Amino acid sequence: MEGFGNAYPSYVPSELVSCSSKGRNVTYHCYLMELEQHYEYQVSVNDIVLAIRSELDSEIVDTLSGTSFDVKRGKLLVNLRHLEPIQLSPEKVQSCRRFQTTLFRILLNRDVTKLTSVSDDFSLGDNPEIDFLLLPATVKHQRPSNSIIDWKPVLSVPFSSESTCDCKDHACNVRIRNDSVCSCKLENCVVYTPHNGSIYIIYTTDGTKKLNGNSTLNQGLKGITTYKEHFKKRHGIELGFEHQSLLHGRNLFKVENYLLKTRQKTEKGKNMSSVDLPPEVCSVIMSPISIGTIYSFSFIPSIMHWLEGLLVAFNLKRMLLDHFTPNDIPISKVLQAITAKGCEEAYDYDYLETLGDSYLKYIVSQQLFKTNQNDREGALSDKRKNIISNDVLFKYGCTRPLPGFIRKDKFDPKQWDVPGDKSNSILLLKQKLDSSRTRVYVRKTREIDLGIIADVVEALIGAFISTEDEKAALSFINWIGINVDTNIMPYENERHISIIAPEELVKAKLLKSRLNYSFKDPYLLVEALTHSSGKRPEIRTCYERLEFLGDAVLDYVITMHFYKEYSNDKFSAEFFTNMRSISVNNECYALSAIKAKLDEHILCDSVVKNNIAQTMEGVKNLSLESTFGWELETYFCQICKSLG
């Protein structure tokens, strides 16, 4: 059984993992992340290249392509396009890993003490580790045909003022903190200002306004001063190069979880806050790097977390394919089935779990009904509970390695594993799943509630049923450990419930006309209409067994109907659950029985007949068209279930 106590593994898909190349060149499969913003903002997103050691399955690429993320100002659309593979030397791999580690440490930690240095080791180790590269793409309209990756910012980390400069029309020496650089290195860069411990994105030199240390600074209610006076009074800094043009920039973009179901929107058209800084108070951290590239990279943790989820779902699907052959169930459905409500994402297993729970109840009830023909309703219900209770489903789920696939926690970008960042390195253990060809790695162990594991078992059943693949659902149920007959055959009634012809007990022809249904076995109709008080020598059983089965059938049919009607973006899972609860209840069943005038055909003793008469008196003035039938007696409910 997988897990120890309540601690269960968390799987990392093998596609994201590799280890040392032993000093050889490394082949990376490349994909262009084309980002498309559907909102107005002063900063435009740039494309990003994902380089990964394993080629992604086309289903992964197709599923991720077209994915829309809710960001502050609107929708961000992501498309994934396959590029030609590239070969990188170990030295170039280190440069790529240093670049992305530096940029993500800036975005996620905002702490210069955690920045990279030349001495840091970014080589691939001998142990398995998360390995993929995220690299800036060249600007679309300036993109060379032979290179999509913009290598200049990648190979410029860590920043050095001594690096060569091929510009012609810039000031050669601009004084920055403890150094001097060519002005071209300050046009698109990231700087650190020790006087306030902040990091800023510089995206232009303000040459048009010609602001410098002597320019006026409007402080609102505090009056007007100069930048030179402001820095002296506020920070105790005496500007020595006040005639230098100020650097124009802004604060870092906040990295957030863009997978959340509900997000607070930013008012459209809201201007981006800016800042003007004297170069001499700034230390350059990264240069060159455009503001659009930094903005785009702020979305990457959420995009990659989503991609990792798709890969986890893909590996689960592949494991299942090794044991049975379902129809082509979309991995998006599998991902939904393994995503708990605690993730707070747009799609979780709520709908599918309800559907799977209903189908499992139905198929097990059918199996028990056929194989235990001498058991009454109470015994059948007890046996069903022992098969499909949460405790039992939990054990089945753990016997099969399902817990490791479950996504149960809300994504925290600050806890995202940055590939190449060895300061937060984790030990990955390779694991073969069950008897399949699927290989994954274990990142860590975590606690998972018993109910969540049981819910995922039901949600996976629901995922198959939602794609109308009942055969796969039955195969999964059997694979998980619940033995049910996969050959769905008509029920053959071998129990002689009456020694009298059914037409002498019930008005079969009238009921056929009223219900618009012809019963192949009229004895079942007698059984369905016989209350326990109506049994006598010539009628040996009552409707309790059929009620047991019909209850499960009605629950499943109604649940499936509402799933098809309400499981979409327009309706919440709560709405779906409420609609189902309103309909799948005894009161509604009673209402249906009364509307069909089944009360006239119930076989029972005089006491029950009297109770039925009293109930009918109470509903004389009840509108059967406008009520769900609350507060009705349950005799009709049981009849309705037995006829189900």
# chains A, B, ... in the order shown; residues from 1 in each chain; ligands from 1

call {"tool": "residues_around", "arguments": {"residues": "Val190 in chain A", "least_positions_apart": "2", "cutoff": "7 Å", "atoms": "only C-alpha atoms", "output": "PyMOL selection string"}}
result
chain A and resi 200-202+284-287

call {"tool": "write_last_selection", "arguments": {"atoms": "all heavy atoms", "output": "mmCIF file, in the first residue's frame"}}
result
data_model
loop_
_atom_site.group_PDB
_atom_site.id
_atom_site.type_symbol
_atom_site.label_atom_id
_atom_site.label_comp_id
_atom_site.auth_asym_id
_atom_site.auth_seq_id
_atom_site.Cartn_x
_atom_site.Cartn_y
_atom_site.Cartn_z
ATOM 1 N N TYR A 200 14.488 47.596 -9.010
ATOM 2 C CA TYR A 200 13.668 48.275 -10.016
ATOM 3 C C TYR A 200 14.005 47.765 -11.416
ATOM 4 O O TYR A 200 15.126 47.341 -11.697
ATOM 5 C CB TYR A 200 13.895 49.786 -9.980
ATOM 6 C CG TYR A 200 13.523 50.437 -8.671
ATOM 7 C CD1 TYR A 200 14.501 50.715 -7.716
ATOM 8 C CD2 TYR A 200 12.210 50.787 -8.388
ATOM 9 C CE1 TYR A 200 14.173 51.318 -6.506
ATOM 10 C CE2 TYR A 200 11.864 51.391 -7.179
ATOM 11 C CZ TYR A 200 12.857 51.655 -6.246
ATOM 12 O OH TYR A 200 12.529 52.249 -5.046
ATOM 13 N N ILE A 201 12.997 47.848 -12.291
ATOM 14 C CA ILE A 201 13.185 47.555 -13.709
ATOM 15 C C ILE A 201 13.373 48.882 -14.432
ATOM 16 O O ILE A 201 12.498 49.745 -14.389
ATOM 17 C CB ILE A 201 11.959 46.821 -14.297
ATOM 18 C CG1 ILE A 201 11.659 45.547 -13.498
ATOM 19 C CG2 ILE A 201 12.199 46.485 -15.768
ATOM 20 C CD1 ILE A 201 10.299 44.946 -13.833
ATOM 21 N N ILE A 202 14.501 49.048 -15.078
ATOM 22 C CA ILE A 202 14.760 50.262 -15.859
ATOM 23 C C ILE A 202 14.468 49.950 -17.317
ATOM 24 O O ILE A 202 15.027 49.018 -17.893
ATOM 25 C CB ILE A 202 16.228 50.718 -15.696
ATOM 26 C CG1 ILE A 202 16.562 50.918 -14.217
ATOM 27 C CG2 ILE A 202 16.476 51.993 -16.493
ATOM 28 C CD1 ILE A 202 15.691 51.935 -13.511
ATOM 29 N N VAL A 284 23.716 47.746 -10.955
ATOM 30 C CA VAL A 284 23.090 46.958 -12.011
ATOM 31 C C VAL A 284 23.172 45.472 -11.660
ATOM 32 O O VAL A 284 24.242 44.962 -11.321
ATOM 33 C CB VAL A 284 23.758 47.225 -13.371
ATOM 34 C CG1 VAL A 284 23.101 46.374 -14.461
ATOM 35 C CG2 VAL A 284 23.658 48.702 -13.733
ATOM 36 N N ILE A 285 22.025 44.795 -11.743
ATOM 37 C CA ILE A 285 21.956 43.355 -11.446
ATOM 38 C C ILE A 285 21.931 42.545 -12.731
ATOM 39 O O ILE A 285 22.645 41.558 -12.884
ATOM 40 C CB ILE A 285 20.696 43.032 -10.619
ATOM 41 C CG1 ILE A 285 20.711 43.781 -9.295
ATOM 42 C CG2 ILE A 285 20.593 41.538 -10.367
ATOM 43 C CD1 ILE A 285 19.422 43.639 -8.509
ATOM 44 N N MET A 286 21.056 42.939 -13.664
ATOM 45 C CA MET A 286 20.945 42.256 -14.951
ATOM 46 C C MET A 286 20.880 43.289 -16.058
ATOM 47 O O MET A 286 20.170 44.279 -15.942
ATOM 48 C CB MET A 286 19.689 41.371 -15.011
ATOM 49 C CG MET A 286 19.638 40.239 -14.013
ATOM 50 S SD MET A 286 18.145 39.186 -14.218
ATOM 51 C CE MET A 286 18.592 38.252 -15.688
ATOM 52 N N SER A 287 21.612 43.045 -17.124
ATOM 53 C CA SER A 287 21.560 43.918 -18.298
ATOM 54 C C SER A 287 22.242 43.192 -19.451
ATOM 55 O O SER A 287 23.305 42.586 -19.267
ATOM 56 C CB SER A 287 22.269 45.241 -18.016
ATOM 57 O OG SER A 287 22.289 46.045 -19.176
#

call {"tool": "residues_around", "arguments": {"residues": "range 296-298 of chain A", "least_positions_apart": "5", "cutoff": "12 Å", "atoms": "only C-alpha atoms", "output": "JSON, numbers by chain"}}
result
{"A": [33, 34, 35, 36, 37, 43, 44, 45, 46, 47, 48, 49, 50, 71, 76, 77, 78, 99, 100, 101, 102, 103, 104, 105, 106, 107, 108, 134, 135, 136, 137, 252, 253, 254, 255, 256, 257, 258, 289, 290, 291, 303, 304, 413, 414]}

call {"tool": "closest_residue", "arguments": {"among": "A:Ser20, A:Ser68, A:Gln219, A:Ser147", "to": "Leu32 in chain A", "atoms": "only C-alpha atoms"}}
result
A:Ser147

call {"tool": "residues_around", "arguments": {"residues": "range 274-279 of chain A", "least_positions_apart": "3", "cutoff": "7 Å", "atoms": "only C-alpha atoms", "output": "PyMOL selection string"}}
result
chain A and resi 175-176+213+246-250+282

call {"tool": "select_by_dssp", "arguments": {"residues": "range 170-323 of chain A", "states": "alpha helix (DSSP H)", "output": "ChimeraX atom specification"}}
result
/A:227-235,291-297,300-321
